[in-house]
>>> print(open('model13.cif').read())   # mmCIF, C-alpha atoms
data_target
#
loop_
_atom_site.label_atom_id
_atom_site.label_comp_id
_atom_site.auth_asym_id
_atom_site.auth_seq_id
_atom_site.Cartn_x
_atom_site.Cartn_y
_atom_site.Cartn_z
CA MET R 14 180.45 39.38 161.05
CA ALA R 15 182.23 37.51 158.34
CA HIS R 16 180.39 34.21 158.66
CA ILE R 17 177.65 34.13 156.05
CA PRO R 18 174.98 31.50 156.85
CA ASP R 19 173.63 29.09 154.24
CA GLY R 20 170.84 30.07 151.91
CA ILE R 21 171.67 33.71 151.25
CA VAL R 22 174.40 33.65 148.63
CA SER R 23 173.47 32.81 145.03
CA THR R 24 174.78 29.74 143.21
CA PRO R 25 177.35 31.53 140.97
CA VAL R 26 178.83 33.26 144.04
CA LEU R 27 178.92 29.91 145.89
CA LEU R 28 180.83 28.32 143.02
CA ALA R 29 183.24 31.26 142.65
CA GLY R 30 183.98 31.13 146.39
CA ALA R 31 184.60 27.39 146.27
CA VAL R 32 187.03 27.79 143.35
CA VAL R 33 188.99 30.58 145.06
CA ALA R 34 189.08 28.65 148.35
CA ALA R 35 190.22 25.41 146.70
CA GLY R 36 192.91 27.25 144.73
CA GLY R 37 194.21 29.10 147.79
CA ILE R 38 194.20 25.99 149.97
CA GLY R 39 196.02 24.07 147.23
CA LEU R 40 198.69 26.76 147.00
CA GLY R 41 199.03 26.85 150.77
CA LEU R 42 199.24 23.07 151.15
CA ARG R 43 202.09 22.94 148.65
CA ARG R 44 204.09 25.13 151.03
CA LEU R 45 203.00 23.12 154.07
CA THR R 46 205.91 20.69 154.33
CA PRO R 47 206.02 18.23 157.26
CA GLU R 48 208.67 20.44 158.94
CA ARG R 49 206.40 23.50 158.80
CA LEU R 50 203.26 21.63 159.84
CA PRO R 51 203.65 22.00 163.65
CA LYS R 52 204.31 25.75 163.36
CA VAL R 53 201.31 26.35 161.10
CA ALA R 54 199.06 24.15 163.26
CA VAL R 55 200.03 25.79 166.55
CA LEU R 56 199.42 29.24 165.06
CA SER R 57 196.15 28.06 163.56
CA ALA R 58 195.09 26.92 167.05
CA LEU R 59 196.21 30.28 168.46
CA PHE R 60 194.07 32.18 165.96
CA PHE R 61 191.10 30.01 166.90
CA VAL R 62 191.62 30.81 170.58
CA ALA R 63 191.96 34.52 169.76
CA SER R 64 188.64 34.41 167.93
CA LEU R 65 186.97 33.33 171.18
CA VAL R 66 188.06 36.53 172.94
CA HIS R 67 185.59 39.39 172.82
CA PHE R 68 186.90 42.93 172.85
CA PRO R 69 184.80 45.69 174.37
CA VAL R 70 184.12 48.49 171.87
CA GLY R 71 181.78 51.14 173.21
CA LEU R 72 178.56 49.41 174.19
CA THR R 73 179.10 46.29 172.09
CA SER R 74 182.00 43.90 171.62
CA VAL R 75 183.80 42.44 168.64
CA HIS R 76 185.85 39.31 168.28
CA LEU R 77 189.20 39.21 166.55
CA MET R 78 189.82 37.58 163.18
CA LEU R 79 193.63 37.98 163.07
CA GLY R 80 193.65 37.17 159.37
CA GLY R 81 196.25 39.81 158.58
CA LEU R 82 198.57 38.50 161.29
CA ALA R 83 198.13 34.93 159.98
CA GLY R 84 198.98 36.05 156.45
CA LEU R 85 202.00 37.99 157.69
CA LEU R 86 203.42 35.07 159.66
CA LEU R 87 202.43 32.16 157.41
CA GLY R 88 202.10 33.56 153.88
CA TRP R 89 199.99 31.30 151.66
CA ALA R 90 199.95 28.59 154.36
CA ALA R 91 197.51 30.92 156.17
CA PHE R 92 194.88 29.86 153.63
CA PRO R 93 194.49 26.25 154.89
CA ALA R 94 195.02 27.43 158.49
CA ILE R 95 192.09 29.85 158.21
CA ALA R 96 190.04 27.15 156.46
CA VAL R 97 190.53 24.78 159.42
CA GLY R 98 189.46 27.51 161.84
CA LEU R 99 186.32 28.28 159.84
CA ILE R 100 185.35 24.61 159.53
CA LEU R 101 185.62 24.26 163.31
CA GLN R 102 183.57 27.41 163.91
CA ALA R 103 180.86 26.30 161.49
CA VAL R 104 180.63 22.80 162.94
CA LEU R 105 180.95 23.59 166.65
CA PHE R 106 179.28 26.97 166.99
CA GLY R 107 177.19 27.25 163.83
CA PHE R 108 179.06 30.41 162.72
CA GLY R 109 178.70 30.28 158.95
CA GLY R 110 176.95 27.67 156.84
CA LEU R 111 178.27 24.48 155.25
CA LEU R 112 177.88 25.14 151.54
CA VAL R 113 179.07 28.74 151.86
CA LEU R 114 182.30 27.58 153.53
CA GLY R 115 184.15 28.23 150.26
CA VAL R 116 182.85 31.80 150.11
CA ASN R 117 183.61 32.42 153.78
CA ILE R 118 187.13 30.99 153.46
CA ALA R 119 187.83 33.09 150.36
CA ASN R 120 186.42 36.26 151.97
CA ILE R 121 188.66 35.97 155.01
CA ALA R 122 191.77 34.22 153.71
CA LEU R 123 192.37 36.03 150.43
CA PRO R 124 192.66 39.56 151.90
CA ALA R 125 194.52 38.05 154.88
CA VAL R 126 197.24 36.54 152.69
CA LEU R 127 197.57 39.51 150.34
CA LEU R 128 197.70 42.19 153.06
CA GLY R 129 199.78 39.95 155.31
CA LEU R 130 202.37 39.64 152.56
CA ALA R 131 202.23 43.43 152.08
CA GLY R 132 202.84 43.83 155.83
CA ARG R 133 205.75 41.41 155.65
CA GLY R 134 207.23 43.46 152.80
CA LEU R 135 207.03 46.58 155.00
CA LEU R 136 208.66 44.78 157.93
CA ALA R 137 211.58 43.77 155.72
CA ARG R 138 212.32 47.47 155.09
CA PRO R 139 212.64 48.94 158.60
CA ALA R 140 214.08 52.18 157.18
CA LEU R 141 210.83 52.75 155.29
CA ALA R 142 208.26 52.05 157.98
CA HIS R 143 207.92 51.37 161.70
CA PRO R 144 206.88 47.77 162.56
CA ALA R 145 203.65 49.16 164.02
CA PHE R 146 202.74 50.51 160.58
CA ALA R 147 203.12 47.03 159.09
CA GLY R 148 200.69 45.84 161.79
CA VAL R 149 198.18 48.52 160.86
CA VAL R 150 198.41 47.59 157.17
CA ALA R 151 198.12 43.83 157.74
CA GLY R 152 195.65 43.89 160.68
CA GLY R 153 193.36 46.77 159.70
CA GLY R 154 193.76 46.19 155.97
CA ALA R 155 192.76 42.54 156.09
CA VAL R 156 189.57 43.39 158.00
CA ALA R 157 188.74 46.10 155.46
CA GLY R 158 189.37 43.64 152.63
CA THR R 159 187.10 41.07 154.26
CA ALA R 160 184.35 43.67 154.78
CA LEU R 161 184.58 44.56 151.11
CA MET R 162 184.44 40.94 149.97
CA VAL R 163 181.52 40.03 152.25
CA ALA R 164 179.58 43.06 150.99
CA LEU R 165 180.46 42.10 147.43
CA SER R 166 179.34 38.46 147.89
CA LEU R 167 175.97 39.71 149.13
CA ALA R 168 175.56 42.44 146.53
CA LEU R 169 176.41 40.02 143.69
CA SER R 170 173.85 37.53 145.04
CA GLY R 171 170.93 39.81 144.34
CA ARG R 172 170.01 43.43 143.80
CA GLU R 173 167.81 43.33 146.91
CA PHE R 174 170.86 42.81 149.18
CA GLN R 175 172.69 45.96 148.14
CA VAL R 176 171.41 48.12 150.99
CA GLY R 177 172.01 45.37 153.57
CA ALA R 178 175.52 44.80 152.22
CA GLN R 179 176.42 48.44 152.72
CA ALA R 180 175.03 48.44 156.25
CA LEU R 181 177.02 45.28 157.00
CA ALA R 182 180.28 46.76 155.68
CA ILE R 183 179.95 49.70 158.09
CA THR R 184 179.75 47.35 161.09
CA TYR R 185 183.34 46.27 160.37
CA VAL R 186 184.81 49.69 161.15
CA PRO R 187 185.20 49.12 164.93
CA LEU R 188 186.86 45.74 164.34
CA MET R 189 189.18 47.34 161.82
CA VAL R 190 190.39 49.85 164.41
CA VAL R 191 190.77 47.22 167.14
CA GLU R 192 192.72 44.85 164.90
CA ALA R 193 194.99 47.59 163.60
CA VAL R 194 195.94 48.61 167.17
CA PHE R 195 196.15 45.00 168.36
CA THR R 196 198.34 43.80 165.46
CA ALA R 197 200.60 46.84 165.71
CA ALA R 198 201.18 46.22 169.44
CA LEU R 199 201.75 42.52 168.86
CA LEU R 200 204.29 43.08 166.07
CA GLY R 201 206.10 45.72 168.12
CA LEU R 202 206.56 43.10 170.83
CA LEU R 203 207.52 40.35 168.39
CA VAL R 204 210.23 42.50 166.75
CA LYS R 205 211.82 42.97 170.17
CA VAL R 206 211.35 39.47 171.63
CA LYS R 207 211.55 37.05 168.71
CA PRO R 208 212.51 38.80 165.47
CA GLU R 209 213.43 35.50 163.78
CA ALA R 210 209.70 34.59 163.71
CA LEU R 211 209.16 37.35 161.19
CA ARG R 212 211.73 36.16 158.69
CA MET M 28 189.68 23.95 183.45
CA SER M 29 187.12 22.60 181.02
CA SER M 30 187.70 22.08 177.33
CA VAL M 31 186.75 24.78 174.79
CA LEU M 32 185.91 22.11 172.27
CA PRO M 33 182.76 20.26 173.26
CA LEU M 34 183.39 16.53 173.38
CA GLY M 35 181.33 14.18 171.26
CA ILE M 36 178.09 13.19 172.94
CA THR M 37 178.47 9.43 172.98
CA LEU M 38 175.06 8.58 174.39
CA SER M 39 172.98 9.75 171.46
CA PRO M 40 171.66 7.33 168.83
CA LEU M 41 173.53 9.33 166.15
CA ALA M 42 176.83 8.42 167.81
CA ARG M 43 176.52 4.87 166.47
CA LEU M 44 176.65 6.11 162.88
CA ASP M 45 179.88 6.14 160.90
CA PRO M 46 181.21 9.75 161.04
CA ARG M 47 181.38 9.70 157.23
CA SER M 48 177.62 9.12 157.01
CA ARG M 49 177.10 12.13 159.23
CA VAL M 50 179.31 14.36 157.08
CA LEU M 51 177.58 13.23 153.88
CA ALA M 52 174.14 13.57 155.47
CA ALA M 53 174.88 17.13 156.62
CA PHE M 54 176.02 18.19 153.14
CA ALA M 55 173.14 16.44 151.37
CA PHE M 56 170.68 18.15 153.71
CA ALA M 57 172.29 21.55 153.12
CA VAL M 58 172.16 21.08 149.33
CA GLY M 59 168.50 20.04 149.51
CA VAL M 60 167.50 22.97 151.70
CA VAL M 61 169.47 25.72 149.96
CA TRP M 62 167.75 25.05 146.63
CA CYS M 63 164.22 24.94 148.15
CA GLN M 64 161.98 27.91 147.51
CA SER M 65 158.62 27.23 149.16
CA VAL M 66 157.63 27.98 152.74
CA ALA M 67 155.94 24.57 153.13
CA ALA M 68 159.07 22.64 152.11
CA LEU M 69 161.29 24.78 154.32
CA THR M 70 159.03 24.36 157.33
CA PHE M 71 159.29 20.61 156.78
CA ALA M 72 163.10 20.97 156.55
CA CYS M 73 163.15 22.82 159.88
CA ALA M 74 161.09 20.03 161.43
CA LEU M 75 163.55 17.44 160.08
CA ALA M 76 166.47 19.42 161.50
CA ALA M 77 164.72 19.70 164.86
CA GLY M 78 164.21 15.92 164.78
CA LEU M 79 167.94 15.46 164.20
CA ALA M 80 168.68 17.82 167.08
CA VAL M 81 166.50 15.71 169.37
CA LEU M 82 168.20 12.51 168.14
CA ALA M 83 171.60 14.07 168.77
CA ARG M 84 170.48 15.15 172.28
CA LEU M 85 171.61 18.72 171.72
CA PRO M 86 171.23 20.79 174.89
CA PRO M 87 168.04 22.80 174.14
CA LEU M 88 168.92 26.11 175.79
CA SER M 89 172.40 26.67 174.42
CA THR M 90 171.32 25.42 170.99
CA LEU M 91 168.46 27.92 170.94
CA ARG M 92 170.90 30.65 171.91
CA ARG M 93 173.18 29.71 168.97
CA VAL M 94 170.30 29.72 166.49
CA LEU M 95 169.09 33.10 167.77
CA ALA M 96 172.63 34.53 167.58
CA VAL M 97 172.93 33.57 163.91
CA GLU M 98 169.44 34.86 163.14
CA GLY M 99 170.22 38.12 164.92
CA PHE M 100 173.16 38.61 162.59
CA MET M 101 171.00 37.83 159.59
CA LEU M 102 168.35 40.37 160.62
CA LEU M 103 170.85 43.13 159.96
CA THR M 104 171.25 41.96 156.37
CA LEU M 105 167.61 41.07 155.85
CA ALA M 106 166.05 44.11 157.54
CA SER M 107 166.32 46.12 154.35
CA LEU M 108 164.63 43.51 152.13
CA PRO M 109 160.98 44.46 152.78
CA PHE M 110 161.80 48.06 151.91
CA THR M 111 163.75 47.37 148.73
CA MET M 112 161.88 44.52 147.07
CA GLY M 113 158.51 46.14 146.58
CA GLY M 114 155.26 44.16 146.44
CA GLU M 115 152.04 44.76 148.35
CA PRO M 116 152.74 47.09 151.30
CA VAL M 117 152.12 45.26 154.58
CA PHE M 118 153.06 47.95 157.09
CA THR M 119 154.90 51.27 157.09
CA LEU M 120 157.89 52.24 159.20
CA LEU M 121 158.95 55.89 159.42
CA GLY M 122 157.08 56.54 156.21
CA PHE M 123 158.65 53.64 154.28
CA ALA M 124 156.32 50.91 153.06
CA ALA M 125 157.38 47.34 153.86
CA GLY M 126 156.44 45.13 150.91
CA GLY M 127 155.06 41.62 151.16
CA ASP M 128 157.59 40.24 148.65
CA GLY M 129 160.53 41.32 150.77
CA LEU M 130 159.02 39.97 153.99
CA HIS M 131 158.33 36.65 152.25
CA ARG M 132 161.89 36.49 150.94
CA ALA M 133 163.41 37.38 154.33
CA GLY M 134 161.29 34.68 155.98
CA ILE M 135 162.46 32.06 153.49
CA LEU M 136 166.11 32.96 154.05
CA LEU M 137 165.68 32.75 157.83
CA LEU M 138 164.06 29.31 157.56
CA LYS M 139 166.82 28.05 155.25
CA SER M 140 169.70 29.17 157.40
CA SER M 141 168.08 27.93 160.62
CA ALA M 142 167.39 24.47 159.15
CA VAL M 143 170.97 24.01 157.91
CA LEU M 144 172.42 25.42 161.11
CA LEU M 145 170.42 23.09 163.34
CA ALA M 146 171.21 20.03 161.19
CA THR M 147 174.92 20.91 161.16
CA LEU M 148 175.07 21.28 164.93
CA ALA M 149 173.20 17.98 165.37
CA LEU M 150 175.12 15.90 162.82
CA LEU M 151 178.61 17.38 163.00
CA GLY M 152 178.79 19.50 166.15
CA THR M 153 178.33 16.46 168.39
CA LEU M 154 181.13 14.54 166.67
CA ASP M 155 184.47 14.14 168.32
CA MET M 156 186.66 16.52 166.30
CA PRO M 157 189.47 13.96 165.67
CA ALA M 158 186.77 11.57 164.40
CA LEU M 159 185.60 14.32 162.03
CA GLY M 160 189.20 14.72 160.84
CA HIS M 161 189.48 11.00 160.11
CA ALA M 162 186.15 11.04 158.29
CA LEU M 163 187.34 13.94 156.13
CA ALA M 164 190.52 12.01 155.31
CA ARG M 165 188.52 8.96 154.29
CA LEU M 166 186.26 11.12 152.17
CA GLY M 167 189.31 12.14 150.15
CA LEU M 168 190.46 15.49 151.53
CA PRO M 169 194.22 16.08 151.06
CA VAL M 170 196.40 14.29 153.63
CA ARG M 171 198.24 17.47 154.56
CA PHE M 172 195.02 19.35 155.16
CA VAL M 173 193.71 16.64 157.48
CA ALA M 174 197.02 16.54 159.36
CA LEU M 175 196.74 20.31 159.86
CA PHE M 176 193.14 19.88 161.06
CA LEU M 177 194.06 17.19 163.60
CA PHE M 178 197.09 19.10 164.90
CA THR M 179 195.04 22.28 165.28
CA VAL M 180 192.30 20.51 167.21
CA ARG M 181 194.94 19.08 169.51
CA TYR M 182 196.54 22.44 170.33
CA ILE M 183 193.42 24.56 170.73
CA ASP M 184 192.91 23.30 174.27
CA VAL M 185 196.58 23.63 175.16
CA LEU M 186 196.71 27.23 173.98
CA HIS M 187 193.39 28.13 175.52
CA ARG M 188 194.69 27.02 178.89
CA GLU M 189 197.85 29.05 178.35
CA TYR M 190 195.71 32.07 177.43
CA ALA M 191 193.58 31.67 180.56
CA ARG M 192 196.75 31.55 182.69
CA LEU M 193 198.11 34.80 181.23
CA ARG M 194 194.72 36.46 181.49
CA LEU M 195 194.50 35.49 185.16
CA ALA M 196 197.94 36.98 185.75
CA MET M 197 196.77 40.25 184.16
CA ARG M 198 193.65 40.25 186.30
CA ALA M 199 195.72 39.75 189.42
CA ARG M 200 197.53 42.97 188.45
CA GLY M 201 194.29 44.91 188.16
CA PHE M 202 193.63 44.65 184.39
CA ARG M 203 189.99 45.18 183.42
CA PRO M 204 188.89 44.94 179.79
CA ARG M 205 187.56 48.30 178.61
CA ALA M 206 187.11 50.02 175.29
CA SER M 207 190.44 51.82 175.39
CA LEU M 208 193.68 51.95 173.47
CA HIS M 209 195.48 50.71 176.56
CA CYS M 210 193.26 47.63 176.81
CA TRP M 211 193.59 46.71 173.13
CA ARG M 212 197.39 47.17 173.24
CA SER M 213 197.67 45.11 176.43
CA LEU M 214 195.74 42.26 174.85
CA GLY M 215 197.98 42.63 171.80
CA HIS M 216 200.98 42.12 174.08
CA LEU M 217 199.27 39.15 175.76
CA PHE M 218 198.80 37.43 172.41
CA GLY M 219 202.31 38.45 171.38
CA MET M 220 203.69 36.54 174.38
CA LEU M 221 201.35 33.66 173.63
CA LEU M 222 202.63 33.66 170.06
CA VAL M 223 206.26 33.55 171.17
CA GLY M 224 205.47 30.66 173.51
CA SER M 225 203.56 28.88 170.73
CA LEU M 226 206.38 29.21 168.23
CA GLU M 227 208.83 27.77 170.74
CA ARG M 228 206.36 25.00 171.49
CA SER M 229 206.07 24.23 167.78
CA GLU M 230 209.84 23.83 167.57
CA ARG M 231 209.71 21.25 170.36
CA ILE M 232 206.79 19.47 168.68
CA ASP M 233 208.70 19.40 165.40
CA ALA M 234 211.73 17.87 167.11
CA ALA M 235 209.61 15.27 168.91
CA MET M 236 207.70 14.38 165.74
CA ARG M 237 210.87 14.04 163.66
CA CYS M 238 212.41 11.74 166.22
CA ARG M 239 209.40 9.48 165.67
CA GLY M 240 209.73 9.52 161.91
CA PHE M 241 206.78 11.83 161.15
CA ASP M 242 206.39 12.34 157.40
CA GLY M 243 203.46 14.74 157.31
CA ARG M 244 200.63 12.24 157.46
CA PHE M 245 198.73 10.58 160.28
CA HIS M 246 198.01 6.95 159.52
CA LEU M 247 194.40 6.00 159.98
CA LEU M 248 194.28 2.89 162.09
CA ASP M 249 190.58 2.71 162.88
CA GLU M 250 188.74 0.70 160.26
CA HIS M 251 185.19 2.01 160.01
CA ARG M 252 182.77 0.24 157.78
CA PRO M 253 179.31 1.61 157.11
CA GLY M 254 176.94 -0.83 158.81
CA ARG M 255 173.23 -1.56 158.47
CA LEU M 256 172.44 1.47 160.62
CA ASP M 257 174.28 3.74 158.15
CA TRP M 258 172.44 2.33 155.13
CA GLY M 259 169.14 2.65 156.98
CA PHE M 260 169.88 6.22 157.98
CA GLY M 261 170.90 7.00 154.40
CA ALA M 262 167.64 5.52 153.09
CA VAL M 263 165.50 7.52 155.53
CA GLN M 264 167.39 10.66 154.65
CA THR M 265 167.06 10.12 150.90
CA ALA M 266 163.32 9.61 151.35
CA SER M 267 163.04 12.81 153.42
CA LEU M 268 164.95 14.83 150.85
CA LEU M 269 162.74 13.46 148.05
CA LEU M 270 159.69 14.44 150.08
CA LEU M 271 161.25 17.88 150.51
CA ALA M 272 161.69 18.20 146.74
CA VAL M 273 158.09 17.08 146.14
CA LEU M 274 156.79 19.61 148.68
CA ASP M 275 158.86 22.32 147.05
CA VAL M 276 157.59 21.68 143.52
CA TRP M 277 154.04 21.13 144.67
#
>>> encode(input="model13.cif", output="structure tokens")
Amino acid sequence: MAHIPDGIVSTPVLLAGAVVAAGGIGLGLRRLTPERLPKVAVLSALFFVASLVHFPVGLTSVHLMLGGLAGLLLGWAAFPAIAVGLILQAVLFGFGGLLVLGVNIANIALPAVLLGLAGRGLLARPALAHPAFAGVVAGGGAVAGTALMVALSLALSGREFQVGAQALAITYVPLMVVEAVFTAALLGLLVKVKPEALR
Amino acid sequence: MSSVLPLGITLSPLARLDPRSRVLAAFAFAVGVVWCQSVAALTFACALAAGLAVLARLPPLSTLRRVLAVEGFMLLTLASLPFTMGGEPVFTLLGFAAGGDGLHRAGILLLKSSAVLLATLALLGTLDMPALGHALARLGLPVRFVALFLFTVRYIDVLHREYARLRLAMRARGFRPRASLHCWRSLGHLFGMLLVGSLERSERIDAAMRCRGFDGRFHLLDEHRPGRLDWGFGAVQTASLLLLAVLDVW
């Protein structure tokens, strides 16, 4: 799970997360003109709804993050959109602490934007790759990036967390597979039904 | 169809506070607790948070379930601590000695996260989300960010209803969620359709907002002023946090 509760992460990591989150949100807000606001907000609401849906995987279930899809569709504006979603989850459901919000936002939004933009680059060159492949890169890649960053935030917080961080990173593998398949299917549909959304 | 977002509980004594006081109180509490190191101080913090939960009239059962869910997640990360931190061995598991230092540390982390979690749910989780958005705007968050927050809160319910409708249609056609490629792809298509509908909806919203002269900000019409209750609450909280600091050092 990507929501780190309060009290675990060390102060330097907290501060680094807050700086990255503030920078990313600032960049995203600059692109969030009044004309784009409804689109970003509706998608941000959609990602929140998607995160309520649990997917069966073997005996357990995972819930979607859809960070890669958000980055692909919104670019840097995905940063504030993901931040809103995480604030709501922390406040309403207690998923993730208050002071670590910066770290949690950075861990999810940074890989989401970077791999989403990579996915968008692939989509723009249909000769090079099938749309489904762009979905695998953005969807699966963003989850892998988040797993790495969560593990890193824990490992940097103290030597004693290193084993736990590795164990945690492994738990992301099922979600990575589900999101890769899910995002690929979704993009395949979007290319056919509403290709202008991807431009 | 009920709302996914819980509505603010208006009957609790906390509801009479200015939402800004509640935001500030939650952050001050979190700061105080995160930098505590002693078990005594953290037990006191948990008691304070439980008091807030009672004041906020949080439903006991579902709140307990939330706290346990978060602690369950933490156990995965903390389970290794007793085996990696050394200290006096307390018990052995499969031949590995669990050290007292690690157990102590894991216990402290559990207390910290539970205290902040409970206080957050009590102070902020029972707020009306638009009221939280307005409070954030008045506390100086960027106007565009708050507008995004308020818009998102508005459309979560709309889209959740839309999702439930599509999901019902799939169920009527015999769809059962399973761990299979087919299931994951079908849900991908469901959200793809939801996405197409949402994008078209956002175009209509944009047109409707423009026609009303929307310029990217929501004007705050409600004039909240911190009253005597807010100052009193602030004073009690400051005293509790000081007591927490004293307990921690002592």
>>> closest_residue(input="model13.cif", among="R:Pro208, R:Gly134, R:Pro47, R:Gly115", to="Gly88 (chain R)", atoms="only C-alpha atoms")
R:Gly134
>>> closest_atom_pairs(input="model13.cif", of="chain R", to="chain M", cutoff="8 Å", atoms="all atoms listed in the file", output="Markdown table")
| residue | atom | partner | partner_atom | distance |
| --- | --- | --- | --- | --- |
| R:Met14 | CA | M:Phe100 | CA | 7.5 |
| R:Pro18 | CA | M:Ser140 | CA | 5.8 |
| R:Asp19 | CA | M:Ser140 | CA | 5.0 |
| R:Gly20 | CA | M:Val61 | CA | 5.0 |
| R:Ile21 | CA | M:Leu136 | CA | 6.3 |
| R:Leu42 | CA | M:Arg171 | CA | 6.6 |
| R:Leu45 | CA | M:Arg171 | CA | 7.4 |
| R:Thr46 | CA | M:Gly243 | CA | 7.1 |
| R:Pro47 | CA | M:Gly243 | CA | 4.3 |
| R:Glu48 | CA | M:Asp233 | CA | 6.5 |
| R:Leu50 | CA | M:Leu175 | CA | 6.7 |
| R:Pro51 | CA | M:Ser229 | CA | 5.3 |
| R:Lys52 | CA | M:Ser229 | CA | 5.0 |
| R:Val53 | CA | M:Leu175 | CA | 7.7 |
| R:Ala54 | CA | M:Thr179 | CA | 4.9 |
| R:Val55 | CA | M:Tyr182 | CA | 6.1 |
| R:Leu56 | CA | M:Ser225 | CA | 7.0 |
| R:Ser57 | CA | M:Thr179 | CA | 6.1 |
| R:Ala58 | CA | M:Ile183 | CA | 4.7 |
| R:Leu59 | CA | M:Leu186 | CA | 6.3 |
| R:Phe61 | CA | M:Ile183 | CA | 7.1 |
| R:Val62 | CA | M:His187 | CA | 5.9 |
| R:Ala63 | CA | M:Phe218 | CA | 7.9 |
| R:Phe68 | CA | M:Pro204 | CA | 7.5 |
| R:Pro69 | CA | M:Ala206 | CA | 5.0 |
| R:Val70 | CA | M:Ala206 | CA | 4.8 |
| R:Gly71 | CA | M:Ala206 | CA | 5.8 |
| R:Pro93 | CA | M:Phe172 | CA | 6.9 |
| R:Ala94 | CA | M:Leu175 | CA | 7.5 |
| R:Val97 | CA | M:Phe176 | CA | 5.8 |
| R:Val104 | CA | M:Gly152 | CA | 5.0 |
| R:Leu105 | CA | M:Gly152 | CA | 4.7 |
| R:Phe106 | CA | M:Arg93 | CA | 7.0 |
| R:Gly107 | CA | M:Leu144 | CA | 5.8 |
| R:Phe108 | CA | M:Val97 | CA | 7.0 |
| R:Gly110 | CA | M:Leu144 | CA | 6.6 |
| R:Leu111 | CA | M:Ala57 | CA | 7.0 |
| R:Leu112 | CA | M:Ala57 | CA | 6.8 |
| R:Glu173 | CA | M:Thr111 | CA | 6.0 |
| R:Phe174 | CA | M:Leu108 | CA | 6.9 |
| R:Val176 | CA | M:Ser107 | CA | 6.4 |
| R:Gly177 | CA | M:Thr104 | CA | 4.5 |
| R:Ala178 | CA | M:Thr104 | CA | 6.6 |
| R:Ala180 | CA | M:Thr104 | CA | 7.5 |
| R:Leu181 | CA | M:Thr104 | CA | 6.7 |
| R:Val191 | CA | M:Trp211 | CA | 6.6 |
| R:Val194 | CA | M:Arg212 | CA | 6.4 |
| R:Phe195 | CA | M:Gly215 | CA | 4.6 |
| R:Thr196 | CA | M:Gly215 | CA | 6.5 |
| R:Ala197 | CA | M:Gly215 | CA | 7.9 |
| R:Ala198 | CA | M:Gly215 | CA | 5.4 |
| R:Leu199 | CA | M:Gly215 | CA | 4.8 |
| R:Leu200 | CA | M:Gly219 | CA | 7.3 |
| R:Leu202 | CA | M:Gly219 | CA | 6.3 |
| R:Leu203 | CA | M:Gly219 | CA | 6.3 |
| R:Val206 | CA | M:Val223 | CA | 7.8 |
| R:Lys207 | CA | M:Val223 | CA | 6.8 |
| R:Ala210 | CA | M:Leu226 | CA | 7.8 |
>>> resolve_selection(input="model13.cif", expression="the PyMOL selection byres ((chain M and resi 253-258) around 7)", output="JSON list (two decimals) with C-alpha atoms, keeping the file's coordinate frame")
[["chain", "number", "residue", "atom", "x", "y", "z"],
["M", 44, "LEU", "CA", 176.65, 6.11, 162.88],
["M", 45, "ASP", "CA", 179.88, 6.14, 160.90],
["M", 48, "SER", "CA", 177.62, 9.12, 157.01],
["M", 251, "HIS", "CA", 185.19, 2.01, 160.01],
["M", 252, "ARG", "CA", 182.77, 0.24, 157.78],
["M", 259, "GLY", "CA", 169.14, 2.65, 156.98],
["M", 260, "PHE", "CA", 169.88, 6.22, 157.98],
["M", 261, "GLY", "CA", 170.90, 7.00, 154.40],
["M", 262, "ALA", "CA", 167.64, 5.52, 153.09]]
>>> atom_distance(input="model13.cif", atom1="CA of Leu135 (chain R)", atom2="CA of Ala90 (chain R)")
19.3 Å
>>> resolve_selection(input="model13.cif", expression="the PyMOL selection byres ((chain R and resi 185-190) around 7)", output="PyMOL selection string")
chain R and resi 75+153+156-157+160+182-184+191-194
